[in-house]
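Colleague: This is the structure I want to talk about, given as structure tokens.
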Amino acid sequence: MSTTIREILKFNQEWSAQIQREQPDFFERLAKKQKPELLWFGCSDSRVGPDQLTGLPHGSIFVHRNIGNIFATNDLNSLAVLEYAVDELKVPNIVVCGHYGCGGVHAALEHSGIQPVDLWLDQIRFIYNRHADKLEHLSKDEQWKRLTEYNVIAQVHNICRSTIVREAWKRGQTLAVHGVIYDIHDGLLKPLGIEFRSFDDWKEDRLSSHFS
Ligand code: CO
């Protein structure tokens, strides 16, 4: 056994013991049913784990993460997570969280290719191309930041555009979709001012003013 896995097991034992000391029925309660408050759509980056940065208790967040926090409408994994979270768990909130310093967004700006990561990140390159007029005059660092924000906005729209979310809104389910950015330099979440709570809410904003 490597040192790392031994440490993980040790941390795990301490964590479990601490929770059982503080809330003896905690695991038993959670084992019966999960009732998360939100679906988190984030980047796989090791520095942006939603449990740590939101401080929400264990069992609060249903999570999907991938490189560049992309909700791809042709990705069965993303769709299945969204469907289960909305239709079965009935989460009242979906948060798309991008982060400054995202290697995925940086790679999308820097190069393209035919490896799996390159092909995946083409989805961010498309966003750049669609908004090139607002991005190309910026410095490289500014482009990186702005494209990170645009990517979150685009993914929020992709989620709202899905039949899963639209059907939920149509049947009157409480569901808000938000876009935020996490700053790895200070640990703070910054709202992007993009938040949709109904189909009409989203429809009005569709050709978005958020891409400024
Ligand atoms: Co990232």
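Residues are named by chain letter and number: chains run A, B, ... in the order of the structure tokens, numbers start at 1 in each chain, and ligands are numbered from 1 in the order shown.
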Mind listing the residues within 9 Å of ligand 1, only C-alpha atoms and all ligand atoms counted, as JSON, numbers by chain?

Modeller: {"A": [42, 43, 44, 45, 46, 47, 48, 66, 67, 68, 69, 98, 99, 100, 101, 102, 103, 104, 105, 106, 148]}

Colleague: Next, write the just-selected residues to a file, as a PDB file, in the first residue's frame, keeping N, CA and C atoms as the atom set.

Modeller:
```
ATOM      1  N   GLY A  42     -19.124  21.482 -12.129  1.00  0.00           N
ATOM      2  CA  GLY A  42     -17.839  22.164 -11.961  1.00  0.00           C
ATOM      3  C   GLY A  42     -16.726  21.524 -12.761  1.00  0.00           C
ATOM      4  N   CYS A  43     -15.535  22.111 -12.618  1.00  0.00           N
ATOM      5  CA  CYS A  43     -14.340  21.597 -13.292  1.00  0.00           C
ATOM      6  C   CYS A  43     -13.727  20.472 -12.450  1.00  0.00           C
ATOM      7  N   SER A  44     -13.040  19.549 -13.120  1.00  0.00           N
ATOM      8  CA  SER A  44     -12.372  18.437 -12.426  1.00  0.00           C
ATOM      9  C   SER A  44     -11.148  18.882 -11.636  1.00  0.00           C
ATOM     10  N   ASP A  45     -10.681  20.081 -11.885  1.00  0.00           N
ATOM     11  CA  ASP A  45      -9.486  20.620 -11.219  1.00  0.00           C
ATOM     12  C   ASP A  45      -9.494  20.305  -9.716  1.00  0.00           C
ATOM     13  N   SER A  46      -8.357  19.828  -9.228  1.00  0.00           N
ATOM     14  CA  SER A  46      -8.281  19.364  -7.827  1.00  0.00           C
ATOM     15  C   SER A  46      -8.465  20.481  -6.804  1.00  0.00           C
ATOM     16  N   ARG A  47      -8.364  21.731  -7.272  1.00  0.00           N
ATOM     17  CA  ARG A  47      -8.449  22.853  -6.324  1.00  0.00           C
ATOM     18  C   ARG A  47      -9.869  23.386  -6.143  1.00  0.00           C
ATOM     19  N   VAL A  48     -10.823  22.780  -6.835  1.00  0.00           N
ATOM     20  CA  VAL A  48     -12.158  23.385  -6.820  1.00  0.00           C
ATOM     21  C   VAL A  48     -13.253  22.409  -6.368  1.00  0.00           C
ATOM     22  N   ASN A  66     -16.206  17.874 -14.866  1.00  0.00           N
ATOM     23  CA  ASN A  66     -15.389  17.439 -16.004  1.00  0.00           C
ATOM     24  C   ASN A  66     -14.420  18.568 -16.341  1.00  0.00           C
ATOM     25  N   ILE A  67     -13.514  18.310 -17.260  1.00  0.00           N
ATOM     26  CA  ILE A  67     -12.524  19.338 -17.598  1.00  0.00           C
ATOM     27  C   ILE A  67     -13.232  20.517 -18.253  1.00  0.00           C
ATOM     28  N   GLY A  68     -13.122  21.668 -17.633  1.00  0.00           N
ATOM     29  CA  GLY A  68     -13.704  22.886 -18.189  1.00  0.00           C
ATOM     30  C   GLY A  68     -15.177  23.087 -17.877  1.00  0.00           C
ATOM     31  N   ASN A  69     -15.714  22.314 -16.928  1.00  0.00           N
ATOM     32  CA  ASN A  69     -17.140  22.443 -16.550  1.00  0.00           C
ATOM     33  C   ASN A  69     -18.063  22.694 -17.744  1.00  0.00           C
ATOM     34  N   GLY A  98     -17.330  27.853 -12.884  1.00  0.00           N
ATOM     35  CA  GLY A  98     -16.029  27.869 -13.553  1.00  0.00           C
ATOM     36  C   GLY A  98     -14.996  28.381 -12.565  1.00  0.00           C
ATOM     37  N   HIS A  99     -13.754  28.417 -12.979  1.00  0.00           N
ATOM     38  CA  HIS A  99     -12.756  28.983 -12.058  1.00  0.00           C
ATOM     39  C   HIS A  99     -11.637  29.662 -12.824  1.00  0.00           C
ATOM     40  N   TYR A 100     -11.193  30.800 -12.274  1.00  0.00           N
ATOM     41  CA  TYR A 100     -10.026  31.469 -12.861  1.00  0.00           C
ATOM     42  C   TYR A 100      -8.839  30.538 -12.720  1.00  0.00           C
ATOM     43  N   GLY A 101      -7.934  30.630 -13.671  1.00  0.00           N
ATOM     44  CA  GLY A 101      -6.782  29.735 -13.656  1.00  0.00           C
ATOM     45  C   GLY A 101      -7.117  28.354 -14.202  1.00  0.00           C
ATOM     46  N   CYS A 102      -8.217  28.246 -14.946  1.00  0.00           N
ATOM     47  CA  CYS A 102      -8.634  26.930 -15.461  1.00  0.00           C
ATOM     48  C   CYS A 102      -7.730  26.488 -16.615  1.00  0.00           C
ATOM     49  N   GLY A 103      -7.058  25.377 -16.413  1.00  0.00           N
ATOM     50  CA  GLY A 103      -6.160  24.839 -17.443  1.00  0.00           C
ATOM     51  C   GLY A 103      -6.900  24.445 -18.708  1.00  0.00           C
ATOM     52  N   GLY A 104      -8.153  24.007 -18.540  1.00  0.00           N
ATOM     53  CA  GLY A 104      -8.953  23.616 -19.702  1.00  0.00           C
ATOM     54  C   GLY A 104      -9.226  24.809 -20.602  1.00  0.00           C
ATOM     55  N   VAL A 105      -9.611  25.930 -19.999  1.00  0.00           N
ATOM     56  CA  VAL A 105      -9.895  27.131 -20.783  1.00  0.00           C
ATOM     57  C   VAL A 105      -8.596  27.638 -21.420  1.00  0.00           C
ATOM     58  N   HIS A 106      -7.505  27.559 -20.671  1.00  0.00           N
ATOM     59  CA  HIS A 106      -6.216  28.000 -21.191  1.00  0.00           C
ATOM     60  C   HIS A 106      -5.818  27.170 -22.404  1.00  0.00           C
ATOM     61  N   THR A 148     -13.296  32.247 -19.551  1.00  0.00           N
ATOM     62  CA  THR A 148     -13.746  31.427 -18.419  1.00  0.00           C
ATOM     63  C   THR A 148     -15.170  31.836 -18.018  1.00  0.00           C
TER      64      THR A 148
END
```

Colleague: I need the residues of stretch 64-210 of chain A that end up classed as alpha helix (DSSP H) by DSSP on the backbone, written out as a PyMOL selection string.

Modeller: chain A and resi 76-83+103-110+116-130+132-135+140-161+163-170+199-205

Colleague: Neighbours of A:Asp200 within 12 Å (only C-alpha atoms; same-chain residues fewer than 6 positions away dropped), as a ChimeraX atom specification?

Modeller: /A:160-161,166,169-170,206

Colleague: Would you save the residues from that selection as an mmCIF file, in the first residue's frame, using all heavy atoms?

Modeller:
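The new file again-v3.cif reads:
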```cif
data_model
loop_
_atom_site.group_PDB
_atom_site.id
_atom_site.type_symbol
_atom_site.label_atom_id
_atom_site.label_comp_id
_atom_site.auth_asym_id
_atom_site.auth_seq_id
_atom_site.Cartn_x
_atom_site.Cartn_y
_atom_site.Cartn_z
ATOM 1 N N CYS A 160 -30.242 25.326 -19.445
ATOM 2 C CA CYS A 160 -31.621 25.841 -19.527
ATOM 3 C C CYS A 160 -32.294 25.413 -20.827
ATOM 4 O O CYS A 160 -33.510 25.243 -20.883
ATOM 5 C CB CYS A 160 -31.632 27.359 -19.429
ATOM 6 S SG CYS A 160 -31.084 27.953 -17.826
ATOM 7 N N ARG A 161 -31.497 25.242 -21.865
ATOM 8 C CA ARG A 161 -32.034 24.860 -23.169
ATOM 9 C C ARG A 161 -32.470 23.385 -23.192
ATOM 10 O O ARG A 161 -33.251 22.973 -24.033
ATOM 11 C CB ARG A 161 -30.950 25.092 -24.230
ATOM 12 C CG ARG A 161 -31.436 25.035 -25.656
ATOM 13 C CD ARG A 161 -30.310 25.365 -26.627
ATOM 14 N NE ARG A 161 -29.884 26.745 -26.517
ATOM 15 C CZ ARG A 161 -28.652 27.154 -26.236
ATOM 16 N NH1 ARG A 161 -27.703 26.283 -26.028
ATOM 17 N NH2 ARG A 161 -28.372 28.430 -26.150
ATOM 18 N N ARG A 166 -36.418 22.491 -19.133
ATOM 19 C CA ARG A 166 -37.619 23.161 -19.657
ATOM 20 C C ARG A 166 -38.897 22.438 -19.222
ATOM 21 O O ARG A 166 -39.903 23.079 -18.890
ATOM 22 C CB ARG A 166 -37.526 23.282 -21.171
ATOM 23 C CG ARG A 166 -36.477 24.324 -21.540
ATOM 24 C CD ARG A 166 -36.057 24.245 -22.975
ATOM 25 N NE ARG A 166 -37.154 24.492 -23.892
ATOM 26 C CZ ARG A 166 -36.963 24.868 -25.157
ATOM 27 N NH1 ARG A 166 -35.751 25.051 -25.621
ATOM 28 N NH2 ARG A 166 -37.989 25.058 -25.944
ATOM 29 N N TRP A 169 -39.572 23.224 -15.542
ATOM 30 C CA TRP A 169 -40.182 24.552 -15.391
ATOM 31 C C TRP A 169 -41.638 24.521 -15.822
ATOM 32 O O TRP A 169 -42.499 25.100 -15.178
ATOM 33 C CB TRP A 169 -39.395 25.577 -16.222
ATOM 34 C CG TRP A 169 -38.165 26.099 -15.530
ATOM 35 C CD1 TRP A 169 -37.925 26.138 -14.186
ATOM 36 C CD2 TRP A 169 -37.000 26.665 -16.158
ATOM 37 N NE1 TRP A 169 -36.694 26.706 -13.941
ATOM 38 C CE2 TRP A 169 -36.104 27.036 -15.121
ATOM 39 C CE3 TRP A 169 -36.628 26.913 -17.483
ATOM 40 C CZ2 TRP A 169 -34.867 27.637 -15.377
ATOM 41 C CZ3 TRP A 169 -35.399 27.507 -17.742
ATOM 42 C CH2 TRP A 169 -34.534 27.861 -16.700
ATOM 43 N N LYS A 170 -41.884 23.802 -16.921
ATOM 44 C CA LYS A 170 -43.253 23.745 -17.445
ATOM 45 C C LYS A 170 -44.205 23.147 -16.408
ATOM 46 O O LYS A 170 -45.348 23.575 -16.274
ATOM 47 C CB LYS A 170 -43.275 22.905 -18.731
ATOM 48 C CG LYS A 170 -44.370 23.335 -19.701
ATOM 49 C CD LYS A 170 -44.651 22.270 -20.723
ATOM 50 C CE LYS A 170 -43.798 22.438 -21.976
ATOM 51 N NZ LYS A 170 -44.061 21.375 -22.967
ATOM 52 N N ARG A 206 -32.156 35.090 -23.609
ATOM 53 C CA ARG A 206 -31.490 34.081 -24.429
ATOM 54 C C ARG A 206 -30.378 34.628 -25.297
ATOM 55 O O ARG A 206 -29.299 34.060 -25.377
ATOM 56 C CB ARG A 206 -32.541 33.415 -25.298
ATOM 57 C CG ARG A 206 -32.323 31.950 -25.371
ATOM 58 C CD ARG A 206 -33.637 31.299 -25.492
ATOM 59 N NE ARG A 206 -33.708 30.564 -26.724
ATOM 60 C CZ ARG A 206 -34.852 30.197 -27.277
ATOM 61 N NH1 ARG A 206 -35.999 30.569 -26.749
ATOM 62 N NH2 ARG A 206 -34.850 29.488 -28.363
#
```

Colleague: One decimal, Å: what's the distance from atom CA of A:Gln13 over to atom CA of A:Pro50, could you say?

Modeller: 21.3 Å

Colleague: Please run DSSP on the backbone and report, as number ranges by chain, all residues within stretch 73-184 of chain A that come out as strand (DSSP E or B).

Modeller: A: 93-100, 176-183

Colleague: I'd like the neighbourhood of A:Ile194 as a list in words, where a residue qualifies if any of its atoms comes within 10 Å (using only C-alpha atoms), though same-chain residues fewer than 2 positions away should be ignored.

Modeller: Val152, Ile153, Val156, His157, Val177, His178, Gly179, Val180, Pro191, Leu192, Phe196, Trp202, Asp205, Ser208, Ser209 and His210 of chain A

Colleague: Given only C-alpha atoms as the basis, pick out the residue of A:Ala154, A:Leu175, A:Val81, A:Val96 nearest to A:Asp201.

Modeller: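 That would be A:Leu175, the residue with the smallest distance to A:Asp201.
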
Colleague: If I take atom CA of A:Leu38 and atom CA of A:Ser162, how far is one from the other in Å, to one decimal?

Modeller: 17.4 Å

Colleague: I need the residue nearest A:Asn158 from this list: A:Asn74, A:Asn129, A:Asn93, A:Gln115. Use only C-alpha atoms for the distance.

Modeller: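 Among the listed residues, A:Asn74 lies closest to A:Asn158.
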
Colleague: Please identify all polymer residues within 12 Å of A:Gln173, counting only C-alpha atoms, omitting same-chain residues fewer than 6 positions from it, and present them as a list in words.

Modeller: Val86, Asp87, Glu88, Leu89, Lys90, Val91, Pro92, Asn93, Ile164, Val165, Arg166, Glu167, Arg197, Ser198 and Phe199 of chain A

Colleague: Under the rule that only C-alpha atoms are counted, which of A:Gly193, A:Pro57, A:Gly172, A:Gly49 is the nearest residue to A:Phe211?

Modeller: A:Gly193

Colleague: Which residue is closest to A:Val63? Choose from A:Tyr150, A:Trp15, A:Trp40, A:Phe126 and count only C-alpha atoms.

Modeller: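 When distances to A:Val63 are compared using only C-alpha atoms, the smallest one comes from A:Trp40.
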
Colleague: Quick one, how far is atom CA of A:Asp51 from atom CA of A:Arg125?

Modeller: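 Distance reported for this atom pair: 29.2 Å.
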